[in-house]
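Visitor: Would you mind keeping the following structure in view while I ask a few things?
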Amino acid sequence: MKKHTLSVTVENKPGVLARVTTVIRRRGYNIESLTVGQTENPSISRITLVVTGDDPIIEQVTKQLYKLVDVIKIVDITEERSVERELVLVKVKADTSVRGEIVQIVDIFRGRIVDIGRSSLIVEATGDSSKIDAIEEALSPFGIIELVRTGKVAMVRGGK
Amino acid sequence: MNMRGAEILLHCLKEEGVDTVFGYPGGQILPVYDALYSSDIRHILARHEQGAVHAAEGYARASGKVGVCISTSGPGATNLVTGIANAYMDSIPLVCLTGQVGTSMIGRDAFQEADICGITLPITKHNYLVEKLEDVPRVVKEAFYIARTNRPGPVVVDLPRDIMEKVIDYEPGDIEINLRGYRVMKGYNAGQVISAVEMIKGAERPVIYCGGGVINANAAAELTELAEKRKIPVTNTLMGIGSFPADNYLYLGMLGMHGTRYANYAIGESDLLIAVGVRFDDRVTGHLDHFAPHAKVIHIDIDAAEIGKNVVVDIPIVGDVKEVLAAINQRLDAVEGYSEWHKTIDRWKEEFPMRYGPSAEGRIMPQHVVEMIYELTGGEAIITTEVGQNQMWAAQYYRGKHPRSFISSGGLGTMGYGFPAAIGAKIACPDKVVIDIAGDGSIQMNIQELGTAAQYRLPVIICILNNQFLGMVRQWQGLFYGGRYSFTDIEHQPDFVKLAEAYGGVGIRVKDAGEVEAALKQAMEVKDRPVIIDFWVEREANVYPMVPPGAALSNMLGGD
Ligand SMILES: Cc1cc2nc3c(=O)[nH]c(=O)nc-3n(C[C@H](O)[C@H](O)[C@H](O)COP(=O)(O)OP(=O)(O)OC[C@H]3O[C@@H](n4cnc5c(N)ncnc54)[C@H](O)[C@@H]3O)c2cc1C
Ligand SMILES: Cc1ncc(C[n+]2csc(CCOP(=O)(O)OP(=O)(O)O)c2C)c(N)n1
């Protein structure tokens, strides 16, 4: 079983996301993450799906999704050379004694501190999933109060 | 020209060639009914929306056209749901027009509001909530296009009331279909066809396994040509009955759970399975590990997602059955001969014919009724079925010859399907004898449609194989639950003869095997109203052969 990243181009219409998730839920596939957003063409949205499964499962997901009238194109970009990004916001416990240390960690990951509270900080970082995992791990000893990850968006490099 | 939304809708339906719709009115669909009042579209008033949608399915299956049904919002729309799910499972082209509360009320739990698009998301090929009147012509055009092309299926069009009331200046014109995400399948992979031809030439023990796709593609002639050219034995699914003439010597009957022994044995021994417009349903394959263990598989299907879904395929061909079979046939020469394979099959046919025992107390055997129906109609009738034992006996003993003349709920197994479907079939084919082979349980699920059949003077014949049991479930309880007949005895039932008469139909009761023929003849004489024949059959007759659920196909009970 392997993680696959599918880039699904869909009509930008109400209900499309529900259609896609209904197929996935009904057929019992496992989704790790799903993001959706507009593209350069306002009538088209892009859904990025991370699905776990062996090849026949991924083939079925793809074929079943293709049957949706509003799905225009599906590309499995797992093996493609692509840029992948996720964004994370972490609210971490931070009294004055550890703030310096946290700032250092955030610098190493090229993250940013976007809010300062009396006893906490909000950290923002972007990167591929493994980098986000790493920053999460690095911050956890301080005590994570809240964390939210966007899920992955991706784009194939070069001419394609 | 100034027109109301509802009038524009009907105009668009006519553009699609619709002349008959099945429906039931109500508040939110009132504007559409008002327009129907002065329209030349024929509206058949059902007695329950489920009756309307199954009738539309029967109409579609008998005629090959898209079936259309109409309901109001809320409870009217939700009453369609079983029929929509049924059409989805059996790939039947349907357009369902549902009323909806006004656009400003949507989402506020308005009176009789139901989110029918949300509810039917997983059981429609596509659905539309119409957002503005200007969209109606395009939506209707797309709905019919999607319903009937590629793998057919149901499409729901939800119509808010204010949009149907609104008046605009409407100019009918050509509408271009522009669906970026939906392409009609044309052509096929020629290389795969050549490989398939070579594989067919090299096969020693080939079998054709064909189904609903052949009927949908109107490809019975191409299928028969392939079989006869290469002398390939043919078995079909429940959905494929009629795609190959049952009186042809190459015919093996139905395969699967209640298939013939010789069909299932042939699958087990074959070295090449040519699967044509079928979806390897579990009722057909039994335990997948033991299904056609020695066979290479060629699978022709228009839906790429069906290929490789359940079994590994050696030569997948995505395309329309008619086109692909024609291409294969063109590259094959006819062969003569009666091989070892045919000999083996004939031996099985001789040793394990379809047969049933005599009844215990001179009661009618249900299989005998079906055989008589076949004999008296010469296999030229349209048969619909309910669900359960009646359905399986119909499939086993009515030796249908023609496509679109055996109409049964295959994928969903919907009790109450057969009678309304018969009404739709009779409306599509008024010159054909139409018979619903029914069980006493199923018929009570849409019995109210007697009102519809009587009102429109439709001589549909309902043959109830009355065993006073939910027979198929009782059979399972007998075989797998130690004979504990938990809530399957339905001895308490109406007098079906009086019931038919109460609705203005004809009722006949038959308790004696000697009277079966006369009763059927009498029923076929009736030309202007529905007939119920209540056959009191052997109560505990079982359907055999039977592959127990999850067993290998070769592992059959009974019929030996
Ligand atoms: C009580 C009960 C018992 C049953 N027992 C049996 C049994 O013993 N044996 C049996 O066979 N069935 C049985 N069934 C029915 C079974 O559940 C399935 O409905 C049936 O086997 C499916 O038939 P099919 O494979 O022909 O597919 P269908 O459901 O008819 O599907 C048609 C296939 O053809 C494809 N297709 C459609 N149009 C085209 C085209 N133009 N070109 C190419 N491909 C096309 C579709 O994509 C689809 O894959 C039983 C049902 C019930 C309720
Ligand atoms: C709507 C619905 N409910 C329940 C079932 C489960 N079921 C399958 S066959 C059957 C018995 C059918 O009894 P009857 O119509 O009398 O036919 P018989 O099997 O006796 O011929 C039942 C309850 C079903 N298929 N459909």
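We label chains A, B, ... in the order they appear in the structure tokens, count residues from 1 in each chain, and number ligands from 1 in the order shown.
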Quick one: which residues from chain B are at most 6 Å off chain A, using only C-alpha atoms, as a list in words?

Guide: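 Taken together, these residues fit the definition: Arg180, Gly181, Tyr182 and Ala305 of chain B.
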
Visitor: With DSSP run on the backbone, what are the strand (DSSP E or B) residues within segment 406-504 of chain B? I'd like them as an mmCIF file with all heavy atoms, in the first residue's frame.

Guide:
data_model
loop_
_atom_site.group_PDB
_atom_site.id
_atom_site.type_symbol
_atom_site.label_atom_id
_atom_site.label_comp_id
_atom_site.auth_asym_id
_atom_site.auth_seq_id
_atom_site.Cartn_x
_atom_site.Cartn_y
_atom_site.Cartn_z
ATOM 1 N N PHE B 406 -37.721 -9.518 -21.389
ATOM 2 C CA PHE B 406 -37.664 -10.091 -20.048
ATOM 3 C C PHE B 406 -37.185 -8.974 -19.123
ATOM 4 O O PHE B 406 -36.053 -8.513 -19.207
ATOM 5 C CB PHE B 406 -36.710 -11.277 -19.993
ATOM 6 C CG PHE B 406 -36.809 -12.042 -18.700
ATOM 7 C CD1 PHE B 406 -37.694 -13.103 -18.568
ATOM 8 C CD2 PHE B 406 -36.035 -11.684 -17.597
ATOM 9 C CE1 PHE B 406 -37.804 -13.801 -17.368
ATOM 10 C CE2 PHE B 406 -36.145 -12.374 -16.396
ATOM 11 C CZ PHE B 406 -37.026 -13.436 -16.285
ATOM 12 N N ILE B 407 -38.083 -8.507 -18.258
ATOM 13 C CA ILE B 407 -37.834 -7.277 -17.505
ATOM 14 C C ILE B 407 -37.934 -7.576 -16.014
ATOM 15 O O ILE B 407 -39.004 -7.896 -15.514
ATOM 16 C CB ILE B 407 -38.849 -6.189 -17.943
ATOM 17 C CG1 ILE B 407 -38.632 -5.868 -19.436
ATOM 18 C CG2 ILE B 407 -38.718 -4.941 -17.081
ATOM 19 C CD1 ILE B 407 -39.631 -4.915 -20.026
ATOM 20 N N VAL B 434 -48.426 -8.938 -22.174
ATOM 21 C CA VAL B 434 -47.500 -8.593 -21.095
ATOM 22 C C VAL B 434 -47.940 -9.297 -19.812
ATOM 23 O O VAL B 434 -49.079 -9.147 -19.374
ATOM 24 C CB VAL B 434 -47.440 -7.061 -20.870
ATOM 25 C CG1 VAL B 434 -46.519 -6.734 -19.706
ATOM 26 C CG2 VAL B 434 -46.956 -6.355 -22.133
ATOM 27 N N ILE B 435 -47.012 -10.063 -19.249
ATOM 28 C CA ILE B 435 -47.344 -10.863 -18.072
ATOM 29 C C ILE B 435 -46.342 -10.589 -16.961
ATOM 30 O O ILE B 435 -45.130 -10.658 -17.170
ATOM 31 C CB ILE B 435 -47.320 -12.373 -18.425
ATOM 32 C CG1 ILE B 435 -48.353 -12.662 -19.527
ATOM 33 C CG2 ILE B 435 -47.592 -13.225 -17.172
ATOM 34 C CD1 ILE B 435 -48.386 -14.108 -19.987
ATOM 35 N N ASP B 436 -46.859 -10.276 -15.777
ATOM 36 C CA ASP B 436 -46.016 -10.144 -14.582
ATOM 37 C C ASP B 436 -46.064 -11.466 -13.831
ATOM 38 O O ASP B 436 -47.121 -11.884 -13.359
ATOM 39 C CB ASP B 436 -46.553 -8.999 -13.697
ATOM 40 C CG ASP B 436 -45.825 -8.917 -12.357
ATOM 41 O OD1 ASP B 436 -44.617 -9.258 -12.307
ATOM 42 O OD2 ASP B 436 -46.458 -8.492 -11.365
ATOM 43 N N ILE B 437 -44.920 -12.123 -13.749
ATOM 44 C CA ILE B 437 -44.852 -13.343 -12.941
ATOM 45 C C ILE B 437 -44.508 -12.902 -11.520
ATOM 46 O O ILE B 437 -43.453 -12.310 -11.286
ATOM 47 C CB ILE B 437 -43.818 -14.327 -13.530
ATOM 48 C CG1 ILE B 437 -44.317 -14.777 -14.918
ATOM 49 C CG2 ILE B 437 -43.611 -15.518 -12.591
ATOM 50 C CD1 ILE B 437 -43.412 -15.754 -15.640
ATOM 51 N N ALA B 438 -45.448 -13.159 -10.590
ATOM 52 C CA ALA B 438 -45.386 -12.502 -9.279
ATOM 53 C C ALA B 438 -45.389 -13.494 -8.130
ATOM 54 O O ALA B 438 -45.751 -14.659 -8.282
ATOM 55 C CB ALA B 438 -46.583 -11.556 -9.135
ATOM 56 N N GLY B 439 -44.973 -12.997 -6.970
ATOM 57 C CA GLY B 439 -45.150 -13.725 -5.725
ATOM 58 C C GLY B 439 -46.235 -13.023 -4.926
ATOM 59 O O GLY B 439 -46.518 -11.840 -5.160
ATOM 60 N N ILE B 461 -51.426 -9.003 -17.420
ATOM 61 C CA ILE B 461 -51.801 -10.216 -16.678
ATOM 62 C C ILE B 461 -50.814 -10.441 -15.532
ATOM 63 O O ILE B 461 -49.603 -10.502 -15.749
ATOM 64 C CB ILE B 461 -51.790 -11.443 -17.615
ATOM 65 C CG1 ILE B 461 -52.742 -11.207 -18.793
ATOM 66 C CG2 ILE B 461 -52.166 -12.713 -16.841
ATOM 67 C CD1 ILE B 461 -52.624 -12.257 -19.890
ATOM 68 N N ILE B 462 -51.356 -10.533 -14.333
ATOM 69 C CA ILE B 462 -50.510 -10.822 -13.172
ATOM 70 C C ILE B 462 -50.714 -12.282 -12.795
ATOM 71 O O ILE B 462 -51.827 -12.685 -12.479
ATOM 72 C CB ILE B 462 -50.922 -9.953 -11.968
ATOM 73 C CG1 ILE B 462 -50.809 -8.469 -12.327
ATOM 74 C CG2 ILE B 462 -50.077 -10.281 -10.742
ATOM 75 C CD1 ILE B 462 -51.472 -7.559 -11.296
ATOM 76 N N CYS B 463 -49.643 -13.059 -12.876
ATOM 77 C CA CYS B 463 -49.737 -14.462 -12.462
ATOM 78 C C CYS B 463 -49.079 -14.597 -11.101
ATOM 79 O O CYS B 463 -47.842 -14.602 -11.002
ATOM 80 C CB CYS B 463 -49.038 -15.364 -13.470
ATOM 81 S SG CYS B 463 -49.883 -15.408 -15.055
ATOM 82 N N ILE B 464 -49.888 -14.674 -10.051
ATOM 83 C CA ILE B 464 -49.317 -14.809 -8.712
ATOM 84 C C ILE B 464 -49.021 -16.286 -8.456
ATOM 85 O O ILE B 464 -49.921 -17.123 -8.524
ATOM 86 C CB ILE B 464 -50.288 -14.293 -7.627
ATOM 87 C CG1 ILE B 464 -50.693 -12.840 -7.916
ATOM 88 C CG2 ILE B 464 -49.657 -14.427 -6.238
ATOM 89 C CD1 ILE B 464 -51.671 -12.261 -6.888
ATOM 90 N N LEU B 465 -47.749 -16.590 -8.224
ATOM 91 C CA LEU B 465 -47.396 -17.944 -7.803
ATOM 92 C C LEU B 465 -47.541 -17.922 -6.284
ATOM 93 O O LEU B 465 -46.599 -17.620 -5.552
ATOM 94 C CB LEU B 465 -45.965 -18.287 -8.231
ATOM 95 C CG LEU B 465 -45.663 -18.081 -9.733
ATOM 96 C CD1 LEU B 465 -44.212 -18.437 -10.040
ATOM 97 C CD2 LEU B 465 -46.611 -18.908 -10.593
ATOM 98 N N ASN B 466 -48.752 -18.204 -5.850
ATOM 99 C CA ASN B 466 -49.095 -17.937 -4.450
ATOM 100 C C ASN B 466 -48.720 -19.117 -3.555
ATOM 101 O O ASN B 466 -49.403 -20.133 -3.536
ATOM 102 C CB ASN B 466 -50.600 -17.630 -4.374
ATOM 103 C CG ASN B 466 -51.005 -17.120 -3.004
ATOM 104 O OD1 ASN B 466 -50.235 -17.235 -2.044
ATOM 105 N ND2 ASN B 466 -52.197 -16.563 -2.905
ATOM 106 N N PHE B 469 -46.021 -17.629 1.274
ATOM 107 C CA PHE B 469 -44.759 -17.411 1.988
ATOM 108 C C PHE B 469 -44.001 -16.294 1.296
ATOM 109 O O PHE B 469 -44.213 -16.032 0.104
ATOM 110 C CB PHE B 469 -43.862 -18.660 1.893
ATOM 111 C CG PHE B 469 -44.082 -19.683 2.962
ATOM 112 C CD1 PHE B 469 -44.507 -20.962 2.616
ATOM 113 C CD2 PHE B 469 -43.841 -19.390 4.302
ATOM 114 C CE1 PHE B 469 -44.689 -21.933 3.599
ATOM 115 C CE2 PHE B 469 -44.025 -20.357 5.281
ATOM 116 C CZ PHE B 469 -44.449 -21.634 4.929
ATOM 117 N N ASP B 489 -44.066 -16.481 6.920
ATOM 118 C CA ASP B 489 -45.364 -17.067 6.610
ATOM 119 C C ASP B 489 -46.362 -15.921 6.452
ATOM 120 O O ASP B 489 -46.589 -15.155 7.380
ATOM 121 C CB ASP B 489 -45.775 -18.001 7.759
ATOM 122 C CG ASP B 489 -46.981 -18.837 7.389
ATOM 123 O OD1 ASP B 489 -47.889 -18.304 6.709
ATOM 124 O OD2 ASP B 489 -47.026 -20.015 7.782
#

Visitor: Write out as a PyMOL selection string which residues come within 9 Å of Val139 of chain B when counting only C-alpha atoms, dropping same-chain ones fewer than 3 positions away.

Guide: chain B and resi 128+130+135-136+142-144+157

Visitor: Give the residues close to ligand 1, within 6 Å, counting only C-alpha atoms and all ligand atoms; write them as an NGL selection string.

Guide: :B and (90 or 151 or 211-213 or 216-217 or 237-240 or 254-259 or 277-281 or 283-284 or 301-303 or 306 or 319-321 or 387-388 or 410-411 or 413)

Visitor: Write the selection just made, keeping N, CA and C atoms, as a compact mmCIF listing (two decimals), in the first residue's frame?

Guide:
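Output contents, as saved in out15.txt:
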# COMPACT_ATOMS: atom_id res chain seq x y z
N ASP B 90 -29.40 -1.28 -12.47
CA ASP B 90 -29.62 -2.04 -13.70
C ASP B 90 -29.29 -1.24 -14.96
N ARG B 151 -22.88 4.09 -20.57
CA ARG B 151 -23.66 3.19 -19.72
C ARG B 151 -24.87 3.98 -19.25
N GLY B 211 -24.74 -10.22 -21.03
CA GLY B 211 -25.70 -9.66 -20.09
C GLY B 211 -26.41 -8.42 -20.60
N GLY B 212 -26.80 -7.60 -19.65
CA GLY B 212 -27.61 -6.42 -19.93
C GLY B 212 -26.99 -5.48 -20.97
N GLY B 213 -25.67 -5.46 -21.07
CA GLY B 213 -25.00 -4.58 -22.01
C GLY B 213 -25.35 -4.91 -23.46
N ASN B 216 -28.79 -3.42 -24.00
CA ASN B 216 -28.70 -1.97 -24.12
C ASN B 216 -28.11 -1.55 -25.46
N ALA B 217 -27.15 -2.31 -25.94
CA ALA B 217 -26.47 -1.93 -27.19
C ALA B 217 -27.25 -2.38 -28.43
N THR B 237 -26.76 -13.67 -18.13
CA THR B 237 -27.18 -13.30 -16.78
C THR B 237 -28.69 -13.11 -16.78
N LEU B 238 -29.21 -12.85 -15.59
CA LEU B 238 -30.63 -12.51 -15.48
C LEU B 238 -30.95 -11.29 -16.35
N MET B 239 -30.03 -10.32 -16.35
CA MET B 239 -30.25 -9.09 -17.13
C MET B 239 -30.08 -9.32 -18.63
N GLY B 240 -29.44 -10.41 -18.98
CA GLY B 240 -29.16 -10.65 -20.40
C GLY B 240 -30.15 -11.59 -21.06
N MET B 254 -29.31 -19.55 -18.07
CA MET B 254 -28.71 -18.56 -17.17
C MET B 254 -27.60 -19.23 -16.35
N LEU B 255 -26.59 -18.43 -15.98
CA LEU B 255 -25.56 -18.94 -15.09
C LEU B 255 -25.74 -18.34 -13.71
N GLY B 256 -24.91 -18.75 -12.78
CA GLY B 256 -24.90 -18.10 -11.48
C GLY B 256 -25.64 -18.88 -10.40
N MET B 257 -26.03 -18.15 -9.37
CA MET B 257 -26.59 -18.76 -8.18
C MET B 257 -27.74 -19.73 -8.50
N HIS B 258 -28.63 -19.31 -9.39
CA HIS B 258 -29.72 -20.20 -9.77
C HIS B 258 -29.65 -20.56 -11.25
N GLY B 259 -28.44 -20.57 -11.76
CA GLY B 259 -28.24 -20.93 -13.16
C GLY B 259 -28.36 -22.44 -13.35
N GLY B 277 -20.73 -7.18 -22.03
CA GLY B 277 -21.74 -6.34 -21.39
C GLY B 277 -22.24 -6.93 -20.09
N VAL B 278 -21.32 -7.35 -19.26
CA VAL B 278 -21.66 -7.93 -17.96
C VAL B 278 -20.78 -7.32 -16.88
N ARG B 279 -21.18 -7.46 -15.62
CA ARG B 279 -20.40 -6.81 -14.58
C ARG B 279 -19.96 -7.76 -13.46
N PHE B 280 -19.86 -9.04 -13.74
CA PHE B 280 -19.30 -10.02 -12.80
C PHE B 280 -19.89 -9.87 -11.40
N ASP B 281 -21.23 -9.82 -11.37
CA ASP B 281 -21.95 -9.68 -10.11
C ASP B 281 -21.72 -10.92 -9.23
N ARG B 283 -23.78 -12.62 -7.58
CA ARG B 283 -24.78 -13.66 -7.80
C ARG B 283 -24.40 -14.54 -8.99
N VAL B 284 -23.54 -14.01 -9.83
CA VAL B 284 -23.12 -14.74 -11.02
C VAL B 284 -21.86 -15.55 -10.75
N ASP B 301 -16.81 -3.99 -22.34
CA ASP B 301 -17.76 -3.18 -21.57
C ASP B 301 -17.53 -1.71 -21.89
N ILE B 302 -18.60 -0.96 -21.89
CA ILE B 302 -18.49 0.46 -22.23
C ILE B 302 -18.02 1.28 -21.03
N ASP B 303 -18.12 0.70 -19.85
CA ASP B 303 -17.73 1.40 -18.63
C ASP B 303 -16.36 0.87 -18.18
N GLU B 306 -15.83 -0.98 -14.94
CA GLU B 306 -16.27 -2.35 -14.73
C GLU B 306 -15.16 -3.35 -15.02
N GLY B 319 -15.61 -0.34 -24.91
CA GLY B 319 -16.32 0.13 -26.10
C GLY B 319 -17.74 -0.37 -26.11
N ASP B 320 -18.47 0.05 -27.13
CA ASP B 320 -19.85 -0.36 -27.28
C ASP B 320 -19.88 -1.80 -27.82
N VAL B 321 -20.67 -2.63 -27.17
CA VAL B 321 -20.74 -4.04 -27.53
C VAL B 321 -21.03 -4.23 -29.02
N VAL B 387 -39.78 -10.19 -7.29
CA VAL B 387 -38.49 -10.63 -6.80
C VAL B 387 -38.66 -11.82 -5.88
N GLY B 388 -37.76 -12.76 -6.01
CA GLY B 388 -37.81 -13.94 -5.16
C GLY B 388 -37.84 -15.20 -6.00
N GLY B 410 -32.78 -6.73 -11.32
CA GLY B 410 -31.62 -7.59 -11.10
C GLY B 410 -30.72 -7.13 -9.97
N GLY B 411 -30.22 -5.94 -10.06
CA GLY B 411 -29.18 -5.49 -9.14
C GLY B 411 -29.70 -5.14 -7.76
N GLY B 413 -32.98 -5.91 -6.74
CA GLY B 413 -33.92 -6.94 -6.30
C GLY B 413 -35.11 -6.31 -5.59

Visitor: So which residues are near ligand 2, meaning at most 6 Å away with only C-alpha atoms and all ligand atoms counted, given back as a list in words?

Guide: Val387, Gly388, Gln389, Asn390, Gly413, Thr414, Met415, Gly439, Asp440, Gly441, Ser442, Asn467, Phe469, Leu470, Gly471, Met472 and Val473 of chain B

Visitor: Store the residues of this selection in a file with N, CA and C atoms, as an mmCIF file, in the first residue's frame.

Guide:
data_model
loop_
_atom_site.group_PDB
_atom_site.id
_atom_site.type_symbol
_atom_site.label_atom_id
_atom_site.label_comp_id
_atom_site.auth_asym_id
_atom_site.auth_seq_id
_atom_site.Cartn_x
_atom_site.Cartn_y
_atom_site.Cartn_z
ATOM 1 N N VAL B 387 -39.784 -10.185 -7.291
ATOM 2 C CA VAL B 387 -38.486 -10.626 -6.795
ATOM 3 C C VAL B 387 -38.664 -11.824 -5.879
ATOM 4 N N GLY B 388 -37.757 -12.756 -6.005
ATOM 5 C CA GLY B 388 -37.806 -13.941 -5.155
ATOM 6 C C GLY B 388 -37.841 -15.195 -6.002
ATOM 7 N N GLN B 389 -38.515 -16.208 -5.487
ATOM 8 C CA GLN B 389 -38.574 -17.480 -6.201
ATOM 9 C C GLN B 389 -39.268 -17.314 -7.550
ATOM 10 N N ASN B 390 -40.364 -16.531 -7.544
ATOM 11 C CA ASN B 390 -41.110 -16.313 -8.784
ATOM 12 C C ASN B 390 -40.182 -15.832 -9.901
ATOM 13 N N GLY B 413 -32.982 -5.907 -6.744
ATOM 14 C CA GLY B 413 -33.924 -6.936 -6.295
ATOM 15 C C GLY B 413 -35.111 -6.308 -5.588
ATOM 16 N N THR B 414 -35.825 -5.442 -6.302
ATOM 17 C CA THR B 414 -36.887 -4.650 -5.691
ATOM 18 C C THR B 414 -38.237 -5.358 -5.762
ATOM 19 N N MET B 415 -38.715 -5.856 -4.641
ATOM 20 C CA MET B 415 -40.079 -6.396 -4.613
ATOM 21 C C MET B 415 -41.043 -5.268 -4.969
ATOM 22 N N GLY B 439 -44.973 -12.997 -6.970
ATOM 23 C CA GLY B 439 -45.150 -13.725 -5.725
ATOM 24 C C GLY B 439 -46.235 -13.023 -4.926
ATOM 25 N N ASP B 440 -46.816 -13.734 -3.991
ATOM 26 C CA ASP B 440 -47.912 -13.132 -3.223
ATOM 27 C C ASP B 440 -47.399 -12.050 -2.276
ATOM 28 N N GLY B 441 -46.126 -12.102 -1.914
ATOM 29 C CA GLY B 441 -45.554 -11.039 -1.094
ATOM 30 C C GLY B 441 -45.303 -9.787 -1.936
ATOM 31 N N SER B 442 -44.535 -9.948 -2.992
ATOM 32 C CA SER B 442 -44.133 -8.804 -3.822
ATOM 33 C C SER B 442 -45.325 -8.046 -4.384
ATOM 34 N N ASN B 467 -47.621 -18.941 -2.823
ATOM 35 C CA ASN B 467 -47.204 -19.989 -1.880
ATOM 36 C C ASN B 467 -47.444 -19.555 -0.439
ATOM 37 N N PHE B 469 -46.021 -17.629 1.274
ATOM 38 C CA PHE B 469 -44.759 -17.411 1.988
ATOM 39 C C PHE B 469 -44.001 -16.294 1.296
ATOM 40 N N LEU B 470 -43.121 -15.650 2.032
ATOM 41 C CA LEU B 470 -42.054 -14.875 1.405
ATOM 42 C C LEU B 470 -41.040 -15.943 1.002
ATOM 43 N N GLY B 471 -41.348 -16.558 -0.133
ATOM 44 C CA GLY B 471 -40.779 -17.859 -0.468
ATOM 45 C C GLY B 471 -39.270 -17.921 -0.514
ATOM 46 N N MET B 472 -38.643 -16.946 -1.149
ATOM 47 C CA MET B 472 -37.196 -17.014 -1.287
ATOM 48 C C MET B 472 -36.503 -16.916 0.071
ATOM 49 N N VAL B 473 -37.067 -16.087 0.938
ATOM 50 C CA VAL B 473 -36.465 -15.954 2.266
ATOM 51 C C VAL B 473 -36.722 -17.243 3.060
#

Visitor: Quick one: of A:Met155, A:Ile44, A:Val83, A:Leu139, who's nearest to Phe109 of chain A, counting only C-alpha atoms?

Guide: A:Leu139

Visitor: Thr285 of chain B: which residues within 10 Å, counting only C-alpha atoms, same-chain residues fewer than 5 positions away excluded, as a short mmCIF file (atom, residue, chain, number, x, y, z; two decimals) with N, CA, C and O atoms, in the first residue's frame?

Guide:
data_model
loop_
_atom_site.label_atom_id
_atom_site.label_comp_id
_atom_site.auth_asym_id
_atom_site.auth_seq_id
_atom_site.Cartn_x
_atom_site.Cartn_y
_atom_site.Cartn_z
N LEU B 255 -26.59 -18.43 -15.98
CA LEU B 255 -25.56 -18.94 -15.09
C LEU B 255 -25.74 -18.34 -13.71
O LEU B 255 -26.64 -17.53 -13.48
N GLY B 256 -24.91 -18.75 -12.78
CA GLY B 256 -24.90 -18.10 -11.48
C GLY B 256 -25.64 -18.88 -10.40
O GLY B 256 -25.84 -20.09 -10.51
N MET B 257 -26.03 -18.15 -9.37
CA MET B 257 -26.59 -18.76 -8.18
C MET B 257 -27.74 -19.73 -8.50
O MET B 257 -27.81 -20.82 -7.94
N ASN B 264 -23.06 -23.47 -15.41
CA ASN B 264 -22.03 -23.28 -14.38
C ASN B 264 -20.86 -24.24 -14.57
O ASN B 264 -19.70 -23.86 -14.36
N ILE B 267 -18.70 -22.89 -17.37
CA ILE B 267 -17.82 -21.82 -16.90
C ILE B 267 -16.60 -22.43 -16.19
O ILE B 267 -15.46 -22.01 -16.41
N ARG B 279 -21.18 -7.46 -15.62
CA ARG B 279 -20.40 -6.81 -14.58
C ARG B 279 -19.96 -7.76 -13.46
O ARG B 279 -19.70 -7.34 -12.34
N PHE B 280 -19.86 -9.04 -13.74
CA PHE B 280 -19.30 -10.02 -12.80
C PHE B 280 -19.89 -9.87 -11.40
O PHE B 280 -19.18 -9.76 -10.41
N HIS B 290 -12.85 -19.26 -7.35
CA HIS B 290 -13.14 -20.49 -8.08
C HIS B 290 -13.93 -20.21 -9.35
O HIS B 290 -14.46 -21.12 -9.97
N PHE B 291 -14.03 -18.94 -9.73
CA PHE B 291 -14.82 -18.60 -10.91
C PHE B 291 -13.95 -18.75 -12.16
O PHE B 291 -12.89 -18.13 -12.26
N ALA B 292 -14.41 -19.57 -13.06
CA ALA B 292 -13.70 -19.80 -14.34
C ALA B 292 -12.20 -19.95 -14.12
O ALA B 292 -11.39 -19.22 -14.71
N ASN B 310 -13.90 -6.77 -10.48
CA ASN B 310 -14.04 -7.99 -9.68
C ASN B 310 -13.11 -9.12 -10.09
O ASN B 310 -12.73 -9.93 -9.26
N VAL B 311 -12.79 -9.21 -11.38
CA VAL B 311 -11.89 -10.28 -11.81
C VAL B 311 -10.77 -9.69 -12.66
O VAL B 311 -10.89 -8.62 -13.24
N VAL B 547 -26.46 -22.32 -5.93
CA VAL B 547 -25.11 -22.21 -5.40
C VAL B 547 -25.22 -21.47 -4.08
O VAL B 547 -25.66 -20.32 -4.06
N GLY B 550 -21.49 -17.48 -1.50
CA GLY B 550 -20.06 -17.54 -1.18
C GLY B 550 -19.38 -18.84 -1.59
O GLY B 550 -18.18 -18.99 -1.42
N ALA B 551 -20.15 -19.80 -2.15
CA ALA B 551 -19.53 -21.06 -2.57
C ALA B 551 -19.05 -20.94 -4.01
O ALA B 551 -19.35 -19.97 -4.71
N ALA B 552 -18.30 -21.96 -4.45
CA ALA B 552 -17.87 -22.01 -5.84
C ALA B 552 -19.06 -22.39 -6.71
O ALA B 552 -19.97 -23.09 -6.28
N LEU B 553 -19.04 -21.91 -7.97
CA LEU B 553 -20.16 -22.16 -8.88
C LEU B 553 -20.44 -23.64 -9.08
O LEU B 553 -21.57 -24.04 -9.27
#

Visitor: Pick out the residues sitting within 12 Å of Val98 of chain A, and hand them over as a list in words; count only C-alpha atoms, and ignore anything fewer than 2 positions along from it in its own chain.

Guide: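 Those residues are Val92, Lys93, Ala94, Asp95, Thr96, Gly100, Glu101, Ile102, Val103, Gln104, Ile105, Ser119, Ser120, Leu121, Leu139, Pro141, Phe142 and Gly143 of chain A.
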
Visitor: Quick one: pull the distance between atom CA of Leu94 of chain B and atom CA of Tyr145 of chain B, Å, one decimal.

Guide: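 Straight-line distance from atom CA of Leu94 of chain B to atom CA of Tyr145 of chain B works out to 10.5 Å.
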